[in-house]
Amino acid sequence: MKILRIILQLASIGFGAYVLWSQNFTLMPYVMLTLGMFMLVAGFERIQNDRKEFWGYMFVLSSLFILFVSAQAFLVSA
């Protein structure tokens, strides 16, 4: 889980930096997709570590919202 979280975190930062640097905002759905997957994995990791705290569930809920918005962005651009 930790390796997957790090890979998704680096991909999200990389996509975000490229979008900011190139001003090519057509890649924003990919930024949101990787960010949503990163937050989902991070939330499950927090819940799984027996730290059933508020922020683990909050990460999962916010990641589902981000993934929903990302899916809508993919459908609108198609």
# chains A, B, ... in the order shown; residues from 1 in each chain; ligands from 1
>>> residues_around(residues="Gly14 in chain A", least_positions_apart="6", cutoff="10 Å", atoms="only C-alpha atoms", output="list in words")
Leu8, Leu20 and Val31 of chain A
>>> select_by_dssp(residues="chain A", states="alpha helix (DSSP H)", output="PyMOL selection string")
chain A and resi 2-22+28-48+54-77
>>> atom_distance(atom1="CA of Phe68 in chain A", atom2="CA of Trp55 in chain A")
19.7 Å
>>> closest_residue(among="A:Ala17, A:Phe54, A:Phe25, A:Ser63", to="Phe38 in chain A", atoms="only C-alpha atoms")
A:Ser63
